[in-house]
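Reproduced below: query.txt, with compact mmCIF, C-alpha atoms.
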```txt
# COMPACT_ATOMS: atom_id res chain seq x y z
CA MET A 114 221.86 194.82 234.56
CA TYR A 115 218.48 195.95 233.39
CA LYS A 116 218.51 197.01 229.79
CA LEU A 117 215.48 197.24 227.54
CA THR A 118 215.78 197.98 223.86
CA ILE A 119 213.65 200.61 222.22
CA ALA A 120 211.92 197.94 220.17
CA VAL A 121 210.77 196.09 223.26
CA TYR A 122 208.21 198.76 224.07
CA LEU A 123 206.56 199.26 220.74
CA LEU A 124 203.18 198.21 222.04
CA LEU A 125 200.89 200.61 220.25
CA THR A 126 197.63 198.78 219.63
CA CYS A 127 195.52 201.71 220.74
CA VAL A 128 192.00 200.79 219.58
CA TYR A 129 189.35 202.92 221.21
CA SER A 130 186.01 201.38 222.16
CA GLY A 131 182.72 203.24 222.03
CA SER A 132 182.69 203.55 225.81
CA ILE A 133 185.78 205.71 226.01
CA SER A 134 185.12 209.44 226.36
CA ALA A 135 186.38 211.89 223.75
CA THR A 136 188.57 213.60 226.33
CA GLU A 137 190.18 210.36 227.43
CA ALA A 138 190.68 209.27 223.81
CA GLU A 139 192.30 212.58 222.93
CA GLN A 140 194.65 212.37 225.89
CA LEU A 141 195.56 208.79 225.04
CA LEU A 142 196.39 209.78 221.48
CA SER A 143 198.53 212.67 222.71
CA ILE A 144 200.42 210.38 225.10
CA GLN A 145 200.87 207.84 222.34
CA GLN A 146 202.37 210.44 220.02
CA LYS A 147 204.67 211.89 222.68
CA TRP A 148 205.80 208.38 223.58
CA ALA A 149 206.75 207.66 219.97
CA GLU A 150 208.73 210.89 219.77
CA ALA A 151 210.58 210.22 223.02
CA ASN A 152 211.20 206.57 222.27
CA TYR A 153 212.36 206.83 218.68
CA GLU A 154 213.49 210.36 217.98
CA LEU A 155 215.35 211.39 221.13
CA THR A 156 218.50 210.10 222.81
CA ASP A 157 220.58 210.59 225.96
CA ASP A 158 219.54 213.45 228.27
CA ALA A 159 216.85 214.69 225.91
CA GLN A 160 215.17 211.29 226.01
CA ILE A 161 215.43 211.04 229.80
CA ASN A 162 213.92 214.51 230.19
CA ALA A 163 211.08 213.65 227.84
CA PHE A 164 210.25 210.45 229.69
CA THR A 165 210.45 212.24 233.04
CA LYS A 166 207.78 214.69 231.89
CA LEU A 167 205.68 212.05 230.15
CA SER A 168 205.65 209.69 233.13
CA ALA A 169 204.43 212.55 235.34
CA HIS A 170 201.73 213.23 232.76
CA THR A 171 200.56 209.62 232.63
CA ALA A 172 200.54 209.39 236.43
CA LEU A 173 198.06 212.29 236.50
CA PHE A 174 196.14 210.67 233.66
CA VAL A 175 195.68 207.52 235.74
CA LYS A 176 194.38 209.61 238.63
CA SER A 177 191.85 211.21 236.30
CA TYR A 178 190.66 207.85 234.94
CA PRO A 179 191.47 205.29 237.67
CA ASP A 180 188.99 202.73 236.37
CA SER A 181 190.27 202.73 232.79
CA ALA A 182 192.53 199.83 231.87
CA LYS A 183 193.83 201.82 228.90
CA THR A 184 195.26 204.59 231.09
CA HIS A 185 197.03 202.04 233.30
CA ILE A 186 198.44 200.26 230.24
CA TRP A 187 199.90 203.46 228.85
CA HIS A 188 201.31 204.50 232.19
CA GLY A 189 202.98 201.09 232.35
CA ILE A 190 204.34 201.40 228.81
CA VAL A 191 205.78 204.84 229.51
CA LEU A 192 207.39 203.71 232.78
CA ALA A 193 208.85 200.62 231.12
CA SER A 194 210.25 202.71 228.28
CA PHE A 195 211.67 205.18 230.80
CA ALA A 196 213.37 202.26 232.55
CA GLY A 197 214.82 201.12 229.25
CA ALA A 198 216.19 204.58 228.54
CA LYS A 199 217.84 204.80 231.95
CA GLY A 200 219.19 201.25 232.05
CA GLY A 201 221.10 199.63 234.90
CA LEU A 202 219.95 198.83 238.40
CA ALA A 203 218.61 202.36 238.84
CA ALA A 204 215.83 201.46 236.41
CA LEU A 205 214.46 198.59 238.50
CA GLY A 206 212.18 200.85 240.50
CA LEU A 207 210.59 202.11 237.30
CA ALA A 208 210.26 198.55 236.02
CA LYS A 209 208.46 197.50 239.22
CA ASP A 210 206.08 200.44 238.95
CA ALA A 211 205.43 199.54 235.31
CA LYS A 212 204.65 195.96 236.33
CA SER A 213 202.19 197.17 238.97
CA SER A 214 200.42 199.44 236.49
CA LEU A 215 200.10 196.69 233.89
CA GLU A 216 198.78 194.23 236.46
CA GLN A 217 196.19 196.80 237.51
CA ALA A 218 195.13 197.16 233.87
CA ILE A 219 194.64 193.40 233.59
CA ASN A 220 192.56 193.38 236.76
CA LEU A 221 190.34 196.11 235.31
CA ASP A 222 189.98 194.69 231.78
CA SER A 223 192.23 191.90 230.59
CA ASN A 224 191.03 192.39 226.98
CA ALA A 225 191.93 196.08 226.77
CA LEU A 226 193.99 197.19 223.76
CA ASN A 227 194.13 193.69 222.30
CA GLY A 228 196.36 192.16 224.95
CA SER A 229 198.88 195.00 225.18
CA ALA A 230 199.08 194.70 228.97
CA TYR A 231 200.03 191.02 228.72
CA ALA A 232 202.62 191.65 226.00
CA SER A 233 204.16 194.53 227.96
CA LEU A 234 204.24 192.48 231.13
CA ALA A 235 205.76 189.52 229.30
CA THR A 236 208.51 191.76 227.96
CA LEU A 237 209.28 193.06 231.43
CA TYR A 238 209.53 189.51 232.77
CA SER A 239 211.86 188.58 229.91
CA LYS A 240 214.20 191.57 230.28
CA VAL A 241 214.39 192.29 234.00
CA PRO A 242 216.98 190.28 235.98
CA GLY A 243 215.62 187.42 238.04
CA TRP A 244 215.70 186.90 241.79
CA PRO A 245 217.36 188.15 243.98
CA ILE A 246 217.96 191.31 241.93
CA GLY A 247 214.63 191.63 240.15
CA PHE A 248 211.38 189.88 239.24
CA GLY A 249 212.42 188.50 235.86
CA SER A 250 211.07 185.08 234.88
CA ASP A 251 211.16 183.35 231.49
CA LYS A 252 208.27 181.12 232.57
CA LYS A 253 206.05 184.09 233.39
CA ALA A 254 207.17 185.82 230.20
CA GLN A 255 206.06 182.82 228.17
CA GLU A 256 202.71 182.64 229.96
CA ASN A 257 201.97 186.31 229.35
CA PHE A 258 203.02 186.20 225.71
CA LYS A 259 200.59 183.31 225.20
CA GLN A 260 197.81 185.35 226.80
CA ALA A 261 198.59 188.31 224.56
CA LEU A 262 198.54 186.19 221.41
CA ALA A 263 195.29 184.53 222.43
CA LEU A 264 193.72 188.00 222.40
CA ASN A 265 195.43 189.23 219.22
CA GLU A 266 197.12 186.43 217.31
CA LYS A 267 197.81 188.46 214.16
CA GLY A 268 198.95 191.70 215.81
CA ILE A 269 202.25 193.26 214.79
CA ASP A 270 203.41 194.06 218.31
CA ASN A 271 202.50 190.85 220.11
CA ASN A 272 204.10 188.72 217.39
CA TYR A 273 207.27 190.77 217.12
CA LEU A 274 207.87 190.88 220.85
CA TYR A 275 207.31 187.16 221.20
CA ALA A 276 209.63 186.53 218.25
CA GLU A 277 212.32 188.61 219.95
CA PHE A 278 211.91 186.50 223.09
CA LEU A 279 212.10 183.27 221.05
CA TYR A 280 215.21 184.50 219.23
CA GLU A 281 216.95 185.15 222.53
CA LYS A 282 216.05 181.57 223.53
CA LYS A 283 217.51 180.28 220.23
CA GLN A 284 214.13 179.02 219.03
CA TYR A 285 214.72 180.34 215.54
CA ASN A 286 212.03 178.49 213.58
CA GLN A 287 209.29 179.64 215.92
CA ALA A 288 210.72 183.14 215.96
CA LYS A 289 210.56 183.27 212.15
CA THR A 290 206.92 182.19 212.13
CA HIS A 291 205.94 185.03 214.43
CA LEU A 292 208.10 187.55 212.58
CA LEU A 293 206.37 186.72 209.30
CA THR A 294 202.99 187.14 210.98
CA ALA A 295 204.08 190.52 212.35
CA GLN A 296 205.42 191.55 208.96
CA ALA A 297 202.13 190.64 207.29
CA ALA A 298 200.26 192.94 209.67
CA GLY A 299 201.59 195.90 207.70
CA VAL A 300 201.30 199.50 208.89
CA ARG A 301 198.18 200.84 210.59
CA ASP A 302 196.73 204.13 209.39
CA ASN A 303 196.66 205.63 212.89
CA ARG A 304 200.05 204.23 213.89
CA GLN A 305 202.15 204.92 210.82
CA LYS A 306 205.28 206.26 212.51
CA ALA A 307 205.37 203.55 215.19
CA ASP A 308 204.60 200.74 212.78
CA GLN A 309 207.23 201.89 210.30
CA TYR A 310 209.82 201.65 213.06
CA ARG A 311 208.40 198.26 214.01
CA GLN A 312 208.56 196.94 210.45
CA HIS A 313 212.20 198.04 210.25
CA ALA A 314 212.91 196.12 213.46
CA ILE A 315 211.08 193.09 212.09
CA SER A 316 213.22 193.10 208.95
CA GLN A 317 216.42 193.39 210.97
CA LEU A 318 215.51 190.52 213.30
CA LEU A 319 214.27 188.37 210.41
CA ALA A 320 217.64 188.76 208.72
CA LYS A 321 219.36 187.59 211.91
CA VAL A 322 216.99 184.62 212.23
CA ASN A 323 217.56 183.57 208.61
CA LYS A 324 221.31 183.77 209.12
CA LYS A 325 221.02 181.45 212.13
CA LEU A 326 218.84 179.00 210.21
CA GLU A 327 221.28 178.86 207.31
CA ARG A 328 224.07 177.52 209.50
```
Conversion result in structure tokens:
Amino acid sequence: MYKLTIAVYLLLTCVYSGSISATEAEQLLSIQQKWAEANYELTDDAQINAFTKLSAHTALFVKSYPDSAKTHIWHGIVLASFAGAKGGLAALGLAKDAKSSLEQAINLDSNALNGSAYASLATLYSKVPGWPIGFGSDKKAQENFKQALALNEKGIDNNYLYAEFLYEKKQYNQAKTHLLTAQAAGVRDNRQKADQYRQHAISQLLAKVNKKLER
């Protein structure tokens, strides 16, 4: 069954380039903030309702800026988070749509948002069931995580998500290395709420990794 944890989708490296219009930047920031609220502060039906509205919003956002990789990335992140909130086989359609949006972002600008599209795609590949149910693939997850880290090797999100993948594969030493890198990234001024949740998740996973290494 398809189940994505809240932490999986903490991909909030929203760095705006000079070429992005003020209107687009403002909308991205609004979506980012609403995503954090839905993902971390709501549960059950309230969370589903919030993601239903937000996914409709990001779909319109993509139509307004079809050539912007950033809009496709955030649409993909929202859809993936929505899938995680729903869980089960019913979420596979959302996961497939998220994959398509992230792939479109990579086609438009593979460097956008410091590799967020690759990290999000890698997470989808690692969490979705494999064939014949879904498109999950550990090999493709690994490839995409490597691409994400090549673009942002010190980033909090890319390192945490890869560490989570490595932990699930029982590669505890490597997982610890990436967790420490993520921990050292600290909290960004414009992402305080999201990064505080991320740092809490890092500490929790690091404790689990250390426990495994002590055995």
Point to revise | Contacts of A:Glu277 within 10 Å, all atoms listed in the file, excl. fewer than 4 positions in-chain, as a VMD selection string | key: chain A and resid 120 to 121 236 239 272 to 273 281 to 285 288 to 289 291 to 292 314 to 315 318 to 319 322
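The shortest atom-to-atom distance to A:Gly189, with all atoms listed in the file taken into account, belongs to A:Ala172 out of A:Leu262, A:Ala172, A:Ala276, A:Val241.
Considering all atoms listed in the file, the residue among A:Ala138, A:Ala254, A:Ile246, A:Leu279 positioned nearest to A:Ala203 is A:Ile246.
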Practice item. For atom CA of A:Gly228 and atom CA of A:Ser181, determine how far apart the two atoms are, in Å to one decimal place. Key: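 Separation between atom CA of A:Gly228 and atom CA of A:Ser181: 14.5 Å.
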Pick out the residues sitting within 8 Å of A:Trp148, and hand them over as a JSON list (two decimals) with C-alpha atoms, in the frame of the given file; count all atoms listed in the file, and ignore anything fewer than 2 positions along from it in its own chain.
```json
[["chain", "number", "residue", "atom", "x", "y", "z"],
["A", 144, "ILE", "CA", 200.42, 210.38, 225.10],
["A", 145, "GLN", "CA", 200.87, 207.84, 222.34],
["A", 146, "GLN", "CA", 202.37, 210.44, 220.02],
["A", 150, "GLU", "CA", 208.73, 210.89, 219.77],
["A", 151, "ALA", "CA", 210.58, 210.22, 223.02],
["A", 152, "ASN", "CA", 211.20, 206.57, 222.27],
["A", 164, "PHE", "CA", 210.25, 210.45, 229.69],
["A", 167, "LEU", "CA", 205.68, 212.05, 230.15],
["A", 191, "VAL", "CA", 205.78, 204.84, 229.51]]
```
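Between atom CA of A:Lys306 and atom CA of A:Glu139 the interatomic distance comes to 17.8 Å.
Distances here use all atoms listed in the file; by that measure, the residue among A:Ala208, A:Leu221, A:Leu215, A:Ile269 closest to A:Pro242 is A:Ala208.
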Practice item. Pick out the closest residue to A:Asp270 from this set: A:Arg328, A:His170, A:Arg304, A:Lys209. Count all atoms listed in the file. Key: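 The answer is A:Arg304, which sits nearest to A:Asp270.
Pairwise distance (atom CA of A:Ile186, atom CA of A:Asp222) equals 10.2 Å.
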Review point. For A:Lys324, which residue among A:Gln160, A:Asn286, A:Asn227, A:Thr165 is the nearest when counting only C-alpha atoms?
Key: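 Between A:Gln160, A:Asn286, A:Asn227, A:Thr165, the residue approaching A:Lys324 most closely is A:Asn286.
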Exercise for review: May I ask which of the residues A:Ala263, A:Ala204, A:Leu141, A:Leu274 is the closest one to A:Arg311, counting all atoms listed in the file?
Suggested key: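 Of A:Ala263, A:Ala204, A:Leu141, A:Leu274, the one nearest A:Arg311, counting all atoms listed in the file, is A:Leu274.
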Point to revise | Spatial neighbours of A:Lys212, 9 Å, all atoms listed in the file, chain gap at least 6 places, as a PyMOL selection string | key: chain A and resi 189+192-193+233-234+237-238
Point to revise | Answer as a PyMOL selection string, residues within 6 Å of (197.1, 191.1, 228.5) using all atoms listed in the file | key: chain A and resi 223+228-231+261
